[in-house]
Amino acid sequence: MSREKIMSRAIKHLLIEGLIIMTMGVPTATTANEKDLKLTIVNPQNLYDPSPNGYSTAVITPRGARVAYISGQGGQDSTGALSPDFAVQVEQAYTNLRTALDALGARPDQVAKLTVFVVDHDMSKLEVLTKNVKKMFGEALPAQTLIPVPKLAIDPMLFEVEAVVILE
């Protein structure tokens, strides 16, 4: 097996003119002849490091990659029921996002961008959000935007997450 194939899932860091660039291997090959796609995470050194908060400043997608857009996933369980608890809804929303990724044949390390919507956001909710993002994505933190909103599509919804995914 070639060194490149062995390293395809490894996280690599480069320092280029003040930018920390982390390249994550996103294996897409079903045969040894196909190349791996890579998402490149960029966290400029002269900006605040967002990774402790569960996201990256920017993600570069590979040339020629197919892109999928996952619509907002809320905290509904398989019956459509919503817990009134914010933390329970966030955990369920990420479970739902994982189910959507599985349906696409994708993994969390193929997510380039998240947009999250939080009803009546305050700083106390950040710990819940960060814990769930890090649980799902580990070190492969996608770019992310949090948008505080007064309400979502269904009144008891407190959280929603949508994703941009790179496919093979």
# chains A, B, ... in the order shown; residues from 1 in each chain; ligands from 1

call {"tool": "select_by_dssp", "arguments": {"residues": "stretch 20-127 of chain A", "states": "strand (DSSP E or B)", "output": "number ranges by chain"}}
result
A: 20-26, 37-44, 56, 58-60, 66-74, 111-119

call {"tool": "write_last_selection", "arguments": {"atoms": "N, CA and C atoms", "output": "CSV table (one decimal), in the first residue's frame"}}
result
chain,number,residue,atom,x,y,z
A,20,ILE,N,-2.7,28.4,9.4
A,20,ILE,CA,-2.6,27.0,9.7
A,20,ILE,C,-3.6,26.3,8.8
A,21,ILE,N,-3.1,25.4,8.0
A,21,ILE,CA,-4.0,24.6,7.1
A,21,ILE,C,-3.9,23.2,7.5
A,22,MET,N,-5.1,22.6,7.7
A,22,MET,CA,-5.2,21.2,8.0
A,22,MET,C,-6.0,20.5,6.9
A,23,THR,N,-5.3,19.5,6.4
A,23,THR,CA,-6.0,18.8,5.3
A,23,THR,C,-6.4,17.4,5.8
A,24,MET,N,-7.7,17.1,5.6
A,24,MET,CA,-8.3,15.9,6.1
A,24,MET,C,-8.5,15.0,4.9
A,25,GLY,N,-8.1,13.8,5.0
A,25,GLY,CA,-8.4,12.9,3.9
A,25,GLY,C,-9.8,12.4,3.9
A,26,VAL,N,-10.5,12.5,2.8
A,26,VAL,CA,-11.9,12.0,2.7
A,26,VAL,C,-11.8,10.9,1.6
A,37,LEU,N,-10.5,12.5,-2.2
A,37,LEU,CA,-10.9,13.9,-2.1
A,37,LEU,C,-10.4,14.4,-0.7
A,38,LYS,N,-10.0,15.7,-0.7
A,38,LYS,CA,-9.6,16.3,0.6
A,38,LYS,C,-10.3,17.6,0.8
A,39,LEU,N,-10.8,17.8,2.1
A,39,LEU,CA,-11.3,19.1,2.5
A,39,LEU,C,-10.1,19.7,3.2
A,40,THR,N,-9.8,21.0,2.9
A,40,THR,CA,-8.7,21.7,3.6
A,40,THR,C,-9.3,22.7,4.5
A,41,ILE,N,-8.9,22.5,5.8
A,41,ILE,CA,-9.4,23.5,6.9
A,41,ILE,C,-8.4,24.6,7.0
A,42,VAL,N,-8.9,25.8,7.0
A,42,VAL,CA,-8.0,27.0,7.1
A,42,VAL,C,-8.4,27.8,8.4
A,43,ASN,N,-7.4,27.9,9.3
A,43,ASN,CA,-7.6,28.8,10.5
A,43,ASN,C,-6.4,29.7,10.5
A,44,PRO,N,-6.6,31.0,10.0
A,44,PRO,CA,-5.5,31.9,10.0
A,44,PRO,C,-4.9,32.2,11.4
A,56,SER,N,-14.3,25.6,12.3
A,56,SER,CA,-13.2,26.2,11.6
A,56,SER,C,-13.5,27.4,10.9
A,58,ALA,N,-12.5,28.5,7.8
A,58,ALA,CA,-12.9,28.2,6.4
A,58,ALA,C,-12.5,26.8,6.1
A,59,VAL,N,-13.2,26.3,5.1
A,59,VAL,CA,-12.9,25.0,4.5
A,59,VAL,C,-12.9,25.1,3.0
A,60,ILE,N,-11.9,24.6,2.4
A,60,ILE,CA,-11.7,24.6,0.9
A,60,ILE,C,-12.1,23.2,0.5
A,66,ARG,N,-18.5,16.7,-6.0
A,66,ARG,CA,-19.9,16.9,-6.0
A,66,ARG,C,-20.4,17.4,-4.6
A,67,VAL,N,-21.4,18.3,-4.6
A,67,VAL,CA,-21.8,18.9,-3.3
A,67,VAL,C,-23.3,18.5,-3.1
A,68,ALA,N,-23.6,18.1,-1.8
A,68,ALA,CA,-24.9,17.9,-1.4
A,68,ALA,C,-25.3,18.9,-0.3
A,69,TYR,N,-26.5,19.3,-0.3
A,69,TYR,CA,-27.0,20.2,0.7
A,69,TYR,C,-28.1,19.5,1.5
A,70,ILE,N,-27.9,19.4,2.8
A,70,ILE,CA,-28.8,18.8,3.7
A,70,ILE,C,-29.6,19.9,4.4
A,71,SER,N,-30.9,19.8,4.2
A,71,SER,CA,-31.8,20.8,4.8
A,71,SER,C,-31.8,20.7,6.3
A,72,GLY,N,-32.4,21.8,6.9
A,72,GLY,CA,-32.3,21.9,8.3
A,72,GLY,C,-32.9,20.7,9.0
A,73,GLN,N,-32.1,20.1,9.9
A,73,GLN,CA,-32.5,19.0,10.8
A,73,GLN,C,-32.8,19.5,12.2
A,74,GLY,N,-34.0,19.3,12.6
A,74,GLY,CA,-34.4,19.7,14.0
A,74,GLY,C,-34.3,18.6,14.9
A,111,VAL,N,-18.4,16.8,5.7
A,111,VAL,CA,-19.2,18.1,5.9
A,111,VAL,C,-18.2,19.3,5.8
A,112,ALA,N,-18.5,20.1,4.9
A,112,ALA,CA,-17.7,21.3,4.7
A,112,ALA,C,-18.2,22.5,5.5
A,113,LYS,N,-19.5,22.6,5.7
A,113,LYS,CA,-20.1,23.8,6.3
A,113,LYS,C,-21.4,23.4,7.0
A,114,LEU,N,-21.6,24.0,8.2
A,114,LEU,CA,-22.8,23.9,9.0
A,114,LEU,C,-23.4,25.3,9.2
A,115,THR,N,-24.7,25.4,9.1
A,115,THR,CA,-25.4,26.6,9.6
A,115,THR,C,-26.4,26.1,10.7
A,116,VAL,N,-26.3,26.7,11.8
A,116,VAL,CA,-27.2,26.3,12.9
A,116,VAL,C,-28.0,27.5,13.3
A,117,PHE,N,-29.2,27.2,13.6
A,117,PHE,CA,-30.2,28.3,14.0
A,117,PHE,C,-30.6,27.9,15.5
A,118,VAL,N,-30.5,28.9,16.4
A,118,VAL,CA,-30.8,28.7,17.8
A,118,VAL,C,-31.9,29.8,18.2
A,119,VAL,N,-33.0,29.3,18.7
A,119,VAL,CA,-34.0,30.1,19.2
A,119,VAL,C,-33.6,30.7,20.6

call {"tool": "closest_atom_pairs", "arguments": {"of": "stretch 100-163 of chain A", "to": "stretch 81-92 of chain A", "cutoff": "8 Å", "atoms": "only C-alpha atoms", "output": "JSON lines"}}
result
{"residue": "A:Val128", "atom": "CA", "partner": "A:Ala87", "partner_atom": "CA", "distance": 6.1}
{"residue": "A:Leu129", "atom": "CA", "partner": "A:Val90", "partner_atom": "CA", "distance": 7.1}
{"residue": "A:Asn132", "atom": "CA", "partner": "A:Glu91", "partner_atom": "CA", "distance": 6.4}
{"residue": "A:Pro156", "atom": "CA", "partner": "A:Pro84", "partner_atom": "CA", "distance": 6.8}
{"residue": "A:Met157", "atom": "CA", "partner": "A:Leu82", "partner_atom": "CA", "distance": 7.1}
{"residue": "A:Leu158", "atom": "CA", "partner": "A:Phe86", "partner_atom": "CA", "distance": 6.1}
{"residue": "A:Phe159", "atom": "CA", "partner": "A:Val90", "partner_atom": "CA", "distance": 6.2}
{"residue": "A:Glu160", "atom": "CA", "partner": "A:Val90", "partner_atom": "CA", "distance": 7.7}

call {"tool": "closest_residue", "arguments": {"among": "A:Gly75, A:Glu168, A:Pro50, A:Asp122", "to": "A:Thr145", "atoms": "only C-alpha atoms"}}
result
A:Pro50

call {"tool": "closest_residue", "arguments": {"among": "A:Gly105, A:Lys135, A:Ala140, A:Pro150", "to": "A:His121", "atoms": "only C-alpha atoms"}}
result
A:Pro150
